[in-house]
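The data block below is model-v5.cif; it holds mmCIF, N, CA and C atoms.
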data_final
#
loop_
_atom_site.label_atom_id
_atom_site.label_comp_id
_atom_site.auth_asym_id
_atom_site.auth_seq_id
_atom_site.Cartn_x
_atom_site.Cartn_y
_atom_site.Cartn_z
N MET B 1 39.71 73.10 -23.63
CA MET B 1 38.80 72.67 -24.68
C MET B 1 37.68 71.81 -24.09
N PHE B 2 38.03 70.81 -23.28
CA PHE B 2 37.04 69.95 -22.66
C PHE B 2 36.68 70.51 -21.29
N GLN B 3 35.38 70.49 -20.98
CA GLN B 3 34.93 71.08 -19.72
C GLN B 3 33.97 70.14 -19.01
N ILE B 4 34.11 70.06 -17.70
CA ILE B 4 33.20 69.29 -16.87
C ILE B 4 32.69 70.21 -15.77
N ASP B 5 31.39 70.19 -15.55
CA ASP B 5 30.77 70.97 -14.47
C ASP B 5 30.40 69.99 -13.37
N GLN B 6 31.19 69.99 -12.31
CA GLN B 6 30.97 69.05 -11.20
C GLN B 6 29.63 69.28 -10.51
N LYS B 7 29.06 70.46 -10.66
CA LYS B 7 27.79 70.79 -10.01
C LYS B 7 26.58 70.49 -10.89
N SER B 8 26.83 70.10 -12.12
CA SER B 8 25.74 69.84 -13.07
C SER B 8 24.95 68.61 -12.65
N ARG B 9 23.66 68.61 -12.97
CA ARG B 9 22.82 67.45 -12.73
C ARG B 9 23.09 66.37 -13.77
N LYS B 10 23.74 66.75 -14.87
CA LYS B 10 24.08 65.81 -15.93
C LYS B 10 25.29 65.00 -15.48
N SER B 11 25.26 63.69 -15.73
CA SER B 11 26.38 62.84 -15.31
C SER B 11 27.67 63.27 -15.99
N ILE B 12 28.78 62.98 -15.35
CA ILE B 12 30.08 63.34 -15.91
C ILE B 12 30.30 62.63 -17.24
N TYR B 13 29.93 61.36 -17.28
CA TYR B 13 30.04 60.58 -18.53
C TYR B 13 29.28 61.27 -19.66
N ARG B 14 28.04 61.70 -19.41
CA ARG B 14 27.22 62.35 -20.42
C ARG B 14 27.83 63.69 -20.81
N GLN B 15 28.41 64.41 -19.85
CA GLN B 15 29.07 65.68 -20.16
C GLN B 15 30.24 65.47 -21.12
N VAL B 16 31.01 64.40 -20.89
CA VAL B 16 32.15 64.11 -21.77
C VAL B 16 31.65 63.82 -23.18
N VAL B 17 30.63 62.97 -23.29
CA VAL B 17 30.07 62.62 -24.60
C VAL B 17 29.53 63.87 -25.29
N ASP B 18 28.72 64.64 -24.59
CA ASP B 18 28.11 65.83 -25.18
C ASP B 18 29.16 66.87 -25.57
N ASN B 19 30.18 67.02 -24.73
CA ASN B 19 31.24 67.98 -25.01
C ASN B 19 31.97 67.63 -26.29
N ILE B 20 32.36 66.36 -26.42
CA ILE B 20 33.11 65.94 -27.61
C ILE B 20 32.24 65.98 -28.85
N THR B 21 30.99 65.50 -28.77
CA THR B 21 30.13 65.54 -29.95
C THR B 21 29.88 66.99 -30.37
N GLY B 22 29.71 67.88 -29.42
CA GLY B 22 29.51 69.29 -29.74
C GLY B 22 30.71 69.88 -30.47
N LEU B 23 31.91 69.56 -29.98
CA LEU B 23 33.12 70.05 -30.63
C LEU B 23 33.27 69.50 -32.04
N ILE B 24 32.88 68.24 -32.22
CA ILE B 24 32.96 67.64 -33.55
C ILE B 24 31.93 68.27 -34.49
N MET B 25 30.70 68.39 -34.03
CA MET B 25 29.63 68.91 -34.89
C MET B 25 29.85 70.38 -35.25
N ARG B 26 30.52 71.14 -34.38
CA ARG B 26 30.81 72.55 -34.68
C ARG B 26 32.10 72.71 -35.49
N GLY B 27 32.80 71.60 -35.73
CA GLY B 27 34.01 71.66 -36.53
C GLY B 27 35.26 72.05 -35.77
N VAL B 28 35.16 72.18 -34.45
CA VAL B 28 36.33 72.51 -33.64
C VAL B 28 37.31 71.34 -33.67
N LEU B 29 36.77 70.13 -33.60
CA LEU B 29 37.58 68.92 -33.76
C LEU B 29 37.33 68.40 -35.17
N ALA B 30 38.31 68.55 -36.03
CA ALA B 30 38.17 68.16 -37.44
C ALA B 30 38.41 66.66 -37.60
N PRO B 31 37.84 66.07 -38.66
CA PRO B 31 38.11 64.65 -38.94
C PRO B 31 39.61 64.39 -38.99
N GLY B 32 40.02 63.33 -38.33
CA GLY B 32 41.43 62.97 -38.27
C GLY B 32 42.16 63.55 -37.07
N SER B 33 41.52 64.48 -36.37
CA SER B 33 42.14 65.05 -35.17
C SER B 33 42.32 63.96 -34.12
N ARG B 34 43.47 63.99 -33.46
CA ARG B 34 43.74 63.01 -32.41
C ARG B 34 43.15 63.51 -31.10
N LEU B 35 42.43 62.63 -30.42
CA LEU B 35 41.89 62.94 -29.10
C LEU B 35 42.90 62.53 -28.04
N PRO B 36 42.81 63.13 -26.86
CA PRO B 36 43.68 62.68 -25.78
C PRO B 36 43.38 61.22 -25.44
N SER B 37 44.39 60.51 -24.95
CA SER B 37 44.15 59.13 -24.51
C SER B 37 43.19 59.15 -23.33
N VAL B 38 42.65 58.00 -23.01
CA VAL B 38 41.75 57.89 -21.86
C VAL B 38 42.44 58.42 -20.61
N ARG B 39 43.68 57.99 -20.39
CA ARG B 39 44.42 58.43 -19.19
C ARG B 39 44.69 59.94 -19.22
N GLU B 40 45.09 60.45 -20.39
CA GLU B 40 45.36 61.89 -20.50
C GLU B 40 44.11 62.71 -20.17
N LEU B 41 42.98 62.33 -20.78
CA LEU B 41 41.76 63.09 -20.57
C LEU B 41 41.26 62.97 -19.13
N SER B 42 41.38 61.78 -18.55
CA SER B 42 40.95 61.62 -17.16
C SER B 42 41.80 62.48 -16.23
N ARG B 43 43.11 62.56 -16.49
CA ARG B 43 43.98 63.43 -15.68
C ARG B 43 43.62 64.90 -15.89
N GLN B 44 43.40 65.26 -17.15
CA GLN B 44 43.08 66.65 -17.48
C GLN B 44 41.78 67.11 -16.80
N LEU B 45 40.77 66.24 -16.82
CA LEU B 45 39.46 66.59 -16.27
C LEU B 45 39.29 66.21 -14.80
N LEU B 46 40.30 65.50 -14.26
CA LEU B 46 40.25 65.02 -12.87
C LEU B 46 39.05 64.11 -12.64
N ILE B 47 38.87 63.15 -13.57
CA ILE B 47 37.78 62.18 -13.45
C ILE B 47 38.33 60.77 -13.62
N ASN B 48 37.51 59.79 -13.29
CA ASN B 48 37.90 58.40 -13.36
C ASN B 48 38.15 57.98 -14.82
N PRO B 49 39.25 57.26 -15.09
CA PRO B 49 39.51 56.80 -16.45
C PRO B 49 38.39 55.91 -17.02
N ASN B 50 37.70 55.17 -16.16
CA ASN B 50 36.59 54.33 -16.62
C ASN B 50 35.47 55.18 -17.21
N THR B 51 35.28 56.37 -16.67
CA THR B 51 34.25 57.29 -17.18
C THR B 51 34.61 57.73 -18.60
N VAL B 52 35.86 58.07 -18.81
CA VAL B 52 36.32 58.50 -20.14
C VAL B 52 36.22 57.33 -21.11
N ALA B 53 36.64 56.14 -20.66
CA ALA B 53 36.58 54.96 -21.53
C ALA B 53 35.15 54.67 -21.96
N LYS B 54 34.21 54.79 -21.03
CA LYS B 54 32.79 54.57 -21.35
C LYS B 54 32.31 55.59 -22.38
N ALA B 55 32.70 56.84 -22.19
CA ALA B 55 32.30 57.90 -23.13
C ALA B 55 32.90 57.63 -24.52
N TYR B 56 34.17 57.25 -24.56
CA TYR B 56 34.81 56.94 -25.84
C TYR B 56 34.13 55.76 -26.53
N ARG B 57 33.74 54.75 -25.75
CA ARG B 57 33.04 53.59 -26.36
C ARG B 57 31.73 54.04 -27.01
N GLU B 58 30.99 54.90 -26.32
CA GLU B 58 29.73 55.38 -26.91
C GLU B 58 29.99 56.22 -28.15
N LEU B 59 30.96 57.09 -28.09
CA LEU B 59 31.29 57.92 -29.25
C LEU B 59 31.73 57.07 -30.43
N GLU B 60 32.45 56.01 -30.15
CA GLU B 60 32.88 55.11 -31.23
C GLU B 60 31.69 54.34 -31.78
N LYS B 61 30.81 53.91 -30.90
CA LYS B 61 29.62 53.16 -31.32
C LYS B 61 28.77 53.97 -32.31
N TYR B 62 28.68 55.27 -32.08
CA TYR B 62 27.86 56.12 -32.95
C TYR B 62 28.64 56.78 -34.09
N GLY B 63 29.90 56.39 -34.24
CA GLY B 63 30.65 56.83 -35.40
C GLY B 63 31.33 58.18 -35.29
N TYR B 64 31.38 58.76 -34.11
CA TYR B 64 32.03 60.05 -33.95
C TYR B 64 33.56 59.91 -33.94
N ILE B 65 34.04 58.81 -33.38
CA ILE B 65 35.48 58.62 -33.25
C ILE B 65 35.85 57.18 -33.63
N TYR B 66 37.13 56.94 -33.83
CA TYR B 66 37.62 55.58 -34.04
C TYR B 66 38.98 55.45 -33.37
N THR B 67 39.32 54.21 -33.04
CA THR B 67 40.60 53.94 -32.40
C THR B 67 41.47 53.15 -33.36
N ALA B 68 42.70 53.59 -33.51
CA ALA B 68 43.70 52.88 -34.31
C ALA B 68 44.68 52.26 -33.32
N ALA B 69 44.74 50.93 -33.30
CA ALA B 69 45.60 50.23 -32.34
C ALA B 69 47.02 50.77 -32.38
N GLY B 70 47.50 51.15 -31.22
CA GLY B 70 48.87 51.64 -31.10
C GLY B 70 49.07 53.08 -31.51
N LEU B 71 48.07 53.69 -32.11
CA LEU B 71 48.21 55.08 -32.58
C LEU B 71 47.39 56.07 -31.77
N GLY B 72 46.22 55.65 -31.32
CA GLY B 72 45.38 56.54 -30.54
C GLY B 72 43.94 56.58 -31.03
N THR B 73 43.23 57.57 -30.54
CA THR B 73 41.82 57.75 -30.86
C THR B 73 41.67 59.03 -31.68
N PHE B 74 40.88 58.94 -32.75
CA PHE B 74 40.77 60.04 -33.70
C PHE B 74 39.32 60.35 -34.03
N VAL B 75 39.09 61.57 -34.50
CA VAL B 75 37.76 62.00 -34.93
C VAL B 75 37.48 61.40 -36.30
N SER B 76 36.30 60.81 -36.45
CA SER B 76 35.88 60.20 -37.71
C SER B 76 35.32 61.24 -38.66
N GLU B 77 35.23 60.85 -39.93
CA GLU B 77 34.43 61.62 -40.88
C GLU B 77 32.99 61.38 -40.43
N VAL B 78 32.27 62.41 -40.13
CA VAL B 78 30.95 62.26 -39.53
C VAL B 78 29.87 62.25 -40.60
N ASP B 79 29.05 61.22 -40.57
CA ASP B 79 27.86 61.14 -41.42
C ASP B 79 26.75 61.86 -40.67
N THR B 80 26.63 63.17 -40.92
CA THR B 80 25.72 63.99 -40.12
C THR B 80 24.27 63.55 -40.24
N GLU B 81 23.85 63.01 -41.39
CA GLU B 81 22.46 62.55 -41.51
C GLU B 81 22.19 61.38 -40.59
N ARG B 82 23.11 60.41 -40.53
CA ARG B 82 22.92 59.25 -39.66
C ARG B 82 22.95 59.67 -38.21
N ILE B 83 23.92 60.50 -37.85
CA ILE B 83 24.05 60.92 -36.46
C ILE B 83 22.86 61.79 -36.06
N ASP B 84 22.43 62.66 -36.94
CA ASP B 84 21.28 63.49 -36.62
C ASP B 84 20.05 62.63 -36.31
N MET B 85 19.81 61.58 -37.08
CA MET B 85 18.66 60.72 -36.83
C MET B 85 18.82 59.95 -35.52
N GLU B 86 20.04 59.51 -35.23
CA GLU B 86 20.28 58.83 -33.97
C GLU B 86 20.09 59.79 -32.80
N LYS B 87 20.61 60.99 -32.96
CA LYS B 87 20.46 61.99 -31.90
C LYS B 87 18.98 62.36 -31.74
N TYR B 88 18.28 62.52 -32.86
CA TYR B 88 16.85 62.81 -32.81
C TYR B 88 16.12 61.74 -32.03
N SER B 89 16.43 60.50 -32.31
CA SER B 89 15.78 59.38 -31.62
C SER B 89 16.08 59.42 -30.13
N ALA B 90 17.32 59.69 -29.77
CA ALA B 90 17.71 59.74 -28.36
C ALA B 90 17.00 60.89 -27.64
N ILE B 91 16.93 62.04 -28.29
CA ILE B 91 16.27 63.20 -27.69
C ILE B 91 14.77 62.92 -27.54
N LYS B 92 14.20 62.31 -28.56
CA LYS B 92 12.77 61.97 -28.51
C LYS B 92 12.49 61.04 -27.34
N ASP B 93 13.37 60.06 -27.10
CA ASP B 93 13.21 59.16 -25.96
C ASP B 93 13.27 59.92 -24.64
N ARG B 94 14.23 60.85 -24.53
CA ARG B 94 14.35 61.64 -23.29
C ARG B 94 13.13 62.53 -23.11
N LEU B 95 12.67 63.13 -24.20
CA LEU B 95 11.49 63.99 -24.13
C LEU B 95 10.28 63.19 -23.68
N SER B 96 10.14 62.00 -24.22
CA SER B 96 9.03 61.12 -23.82
C SER B 96 9.09 60.82 -22.34
N PHE B 97 10.28 60.56 -21.83
CA PHE B 97 10.46 60.29 -20.41
C PHE B 97 9.98 61.48 -19.58
N TYR B 98 10.41 62.69 -19.94
CA TYR B 98 10.04 63.87 -19.16
C TYR B 98 8.55 64.20 -19.28
N ILE B 99 7.97 63.96 -20.42
CA ILE B 99 6.53 64.18 -20.56
C ILE B 99 5.79 63.18 -19.67
N SER B 100 6.26 61.94 -19.63
CA SER B 100 5.65 60.95 -18.73
C SER B 100 5.75 61.42 -17.29
N GLU B 101 6.87 62.02 -16.92
CA GLU B 101 7.04 62.54 -15.56
C GLU B 101 5.98 63.60 -15.26
N LEU B 102 5.68 64.46 -16.24
CA LEU B 102 4.65 65.47 -16.03
C LEU B 102 3.29 64.82 -15.78
N TYR B 103 2.99 63.76 -16.53
CA TYR B 103 1.73 63.03 -16.31
C TYR B 103 1.71 62.39 -14.92
N TYR B 104 2.85 61.82 -14.50
CA TYR B 104 2.91 61.21 -13.17
C TYR B 104 2.71 62.24 -12.07
N MET B 105 3.07 63.50 -12.36
CA MET B 105 2.84 64.57 -11.39
C MET B 105 1.37 64.96 -11.32
N GLY B 106 0.58 64.45 -12.25
CA GLY B 106 -0.84 64.72 -12.22
C GLY B 106 -1.33 65.73 -13.25
N LEU B 107 -0.44 66.18 -14.14
CA LEU B 107 -0.88 67.12 -15.16
C LEU B 107 -1.70 66.41 -16.22
N ASP B 108 -2.70 67.12 -16.77
CA ASP B 108 -3.50 66.54 -17.85
C ASP B 108 -2.90 66.96 -19.20
N ASP B 109 -3.50 66.46 -20.29
CA ASP B 109 -2.98 66.75 -21.64
C ASP B 109 -2.85 68.24 -21.91
N ASP B 110 -3.87 69.00 -21.53
CA ASP B 110 -3.84 70.44 -21.79
C ASP B 110 -2.68 71.12 -21.07
N LYS B 111 -2.44 70.75 -19.82
CA LYS B 111 -1.37 71.37 -19.04
C LYS B 111 0.00 70.96 -19.59
N VAL B 112 0.13 69.70 -20.03
CA VAL B 112 1.39 69.25 -20.62
C VAL B 112 1.65 70.02 -21.91
N MET B 113 0.65 70.15 -22.76
CA MET B 113 0.80 70.90 -24.01
C MET B 113 1.13 72.37 -23.74
N GLU B 114 0.49 72.93 -22.74
CA GLU B 114 0.76 74.32 -22.36
C GLU B 114 2.22 74.47 -21.92
N THR B 115 2.71 73.50 -21.17
CA THR B 115 4.10 73.53 -20.70
C THR B 115 5.06 73.45 -21.88
N VAL B 116 4.81 72.54 -22.82
CA VAL B 116 5.67 72.39 -23.99
C VAL B 116 5.63 73.67 -24.82
N LYS B 117 4.45 74.23 -25.03
CA LYS B 117 4.31 75.47 -25.80
C LYS B 117 5.06 76.61 -25.13
N GLU B 118 4.99 76.67 -23.81
CA GLU B 118 5.71 77.71 -23.06
C GLU B 118 7.22 77.60 -23.31
N ILE B 119 7.75 76.38 -23.31
CA ILE B 119 9.18 76.16 -23.56
C ILE B 119 9.53 76.59 -24.98
N ILE B 120 8.69 76.22 -25.95
CA ILE B 120 8.94 76.58 -27.34
C ILE B 120 8.87 78.10 -27.52
N ASP B 121 7.89 78.74 -26.88
CA ASP B 121 7.77 80.20 -26.98
C ASP B 121 8.98 80.90 -26.40
N LYS B 122 9.52 80.40 -25.29
CA LYS B 122 10.73 80.99 -24.70
C LYS B 122 11.90 80.85 -25.66
N ARG B 123 11.98 79.71 -26.31
CA ARG B 123 13.07 79.46 -27.26
C ARG B 123 12.96 80.45 -28.43
N GLY B 124 11.74 80.65 -28.93
CA GLY B 124 11.52 81.60 -30.02
C GLY B 124 11.87 83.01 -29.64
N ALA B 125 11.53 83.40 -28.41
CA ALA B 125 11.85 84.74 -27.94
C ALA B 125 13.35 84.94 -27.79
N ALA B 126 14.06 83.87 -27.43
CA ALA B 126 15.52 83.96 -27.27
C ALA B 126 16.21 84.13 -28.62
N ASP B 127 15.61 83.61 -29.69
CA ASP B 127 16.19 83.70 -31.03
C ASP B 127 16.00 85.07 -31.66
N ASP B 128 15.04 85.84 -31.14
CA ASP B 128 14.74 87.17 -31.72
C ASP B 128 15.82 88.18 -31.42
#
Step by step, read the file and then write its structure as structure tokens.
Amino acid sequence: MFQIDQKSRKSIYRQVVDNITGLIMRGVLAPGSRLPSVRELSRQLLINPNTVAKAYRELEKYGYIYTAAGLGTFVSEVDTERIDMEKYSAIKDRLSFYISELYYMGLDDDKVMETVKEIIDKRGAADD
């Protein structure tokens, strides 16, 4: 169920967070479902327990999961409107960073817009 790509440019911590949020948002992990403990998941994925703990803290901070002392960690009832706005904000921040990188490379406004349009056009063609 949980997957880590050791060759990915994305950090392992981010992969854990994205993997679990994706499973929750798609309904694979239903509200009330018990997640593996930090130790269980770290053994399963062959990663450091601190990485899993950090991912769980972020997921709990944003309301995806909750911990019941002595019982374990569970999937929360997800307020999709709140999470969507938080995710939108996070994505917008990342997008801003990458657009800044294009400017630092020396691209002008027209070339940056052309690049963004090219990405959007590819996405549209993939949906057809």
Could you list, as a ChimeraX atom specification, every residue matched by the PyMOL selection byres (((chain B and resi 33-45 and name CA) around 8) and name CA) in this structure?
/B:2-4,29-32,46-49,51-53,72-75
Do a neighbour search on range 84-95 of chain B at 12 Å with only C-alpha atoms, toss out local chain neighbours closer than 6 positions, and write the hits as a list in words.
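Near range 84-95 of chain B, the qualifying residues are Asp18, Thr21, Gly22, Met25, Leu59, Lys61, Tyr62, Gly63, Tyr64, Val78, Glu101, Leu102, Val112 and Val116 of chain B.
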Would you write out, as a PyMOL selection string, every residue that the PyMOL selection byres ((chain B and resi 17) around 8) captures in this file?
chain B and resi 11-16+18-23+52+54-56+58-59
In chain B, what's strand (DSSP E or B) per DSSP? Answer as a ChimeraX atom specification?
/B:34-35,65-68,72-75
Mind pulling up the distance from CA of Met1 in chain B to CA of Gly27 in chain B?
12.8 Å
Among chain B, which ones does DSSP assign to helix (DSSP H, G or I) (computed from the backbone)? Answer as a PyMOL selection string.
chain B and resi 12-25+38-45+49-61+80-104+109-127
Please indicate the distance in Å from atom N of Glu77 in chain B to CA of Glu60 in chain B, rounded to one decimal place.
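For atom N of Glu77 in chain B relative to CA of Glu60 in chain B, the distance reads 10.7 Å.
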So how many Å separate CA of Gly106 in chain B and CA of Gly124 in chain B, to one decimal?
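Separating CA of Gly106 in chain B from CA of Gly124 in chain B is a distance of 27.5 Å.
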Range 17-60 of chain B dumped to file, C-alpha atoms, as a short mmCIF file (atom, residue, chain, number, x, y, z; two decimals), in the first residue's frame:
data_model
loop_
_atom_site.label_atom_id
_atom_site.label_comp_id
_atom_site.auth_asym_id
_atom_site.auth_seq_id
_atom_site.Cartn_x
_atom_site.Cartn_y
_atom_site.Cartn_z
CA VAL B 17 3.26 12.45 3.40
CA ASP B 18 2.11 12.52 -0.23
CA ASN B 19 1.48 8.78 -0.29
CA ILE B 20 -0.71 8.82 2.81
CA THR B 21 -2.61 11.99 1.85
CA GLY B 22 -3.25 10.51 -1.60
CA LEU B 23 -4.61 7.29 -0.09
CA ILE B 24 -6.85 9.30 2.24
CA MET B 25 -8.15 11.66 -0.44
CA ARG B 26 -8.92 8.75 -2.80
CA GLY B 27 -10.79 6.94 -0.01
CA VAL B 28 -8.40 3.98 0.13
CA LEU B 29 -7.77 4.84 3.78
CA ALA B 30 -11.20 5.50 5.29
CA PRO B 31 -11.81 7.69 8.35
CA GLY B 32 -11.05 5.68 11.47
CA SER B 33 -8.62 3.36 9.69
CA ARG B 34 -5.61 2.54 11.83
CA LEU B 35 -2.22 3.42 10.35
CA PRO B 36 0.89 1.39 11.05
CA SER B 37 2.92 2.59 14.03
CA VAL B 38 6.00 4.68 13.32
CA ARG B 39 8.21 1.63 13.95
CA GLU B 40 6.03 -0.67 11.83
CA LEU B 41 6.00 1.70 8.86
CA SER B 42 9.72 2.43 9.11
CA ARG B 43 10.45 -1.33 9.07
CA GLN B 44 8.01 -1.89 6.21
CA LEU B 45 9.53 0.89 4.07
CA LEU B 46 13.11 0.35 5.28
CA ILE B 47 13.45 4.00 6.33
CA ASN B 48 14.44 5.85 9.49
CA PRO B 49 11.69 5.99 12.16
CA ASN B 50 12.38 9.73 12.58
CA THR B 51 11.34 10.24 8.96
CA VAL B 52 8.01 8.51 9.55
CA ALA B 53 7.49 10.42 12.81
CA LYS B 54 8.09 13.72 11.01
CA ALA B 55 5.61 12.76 8.28
CA TYR B 56 3.01 11.74 10.86
CA ARG B 57 3.46 15.06 12.70
CA GLU B 58 2.80 16.99 9.49
CA LEU B 59 -0.21 14.85 8.63
CA GLU B 60 -1.60 15.40 12.11
#
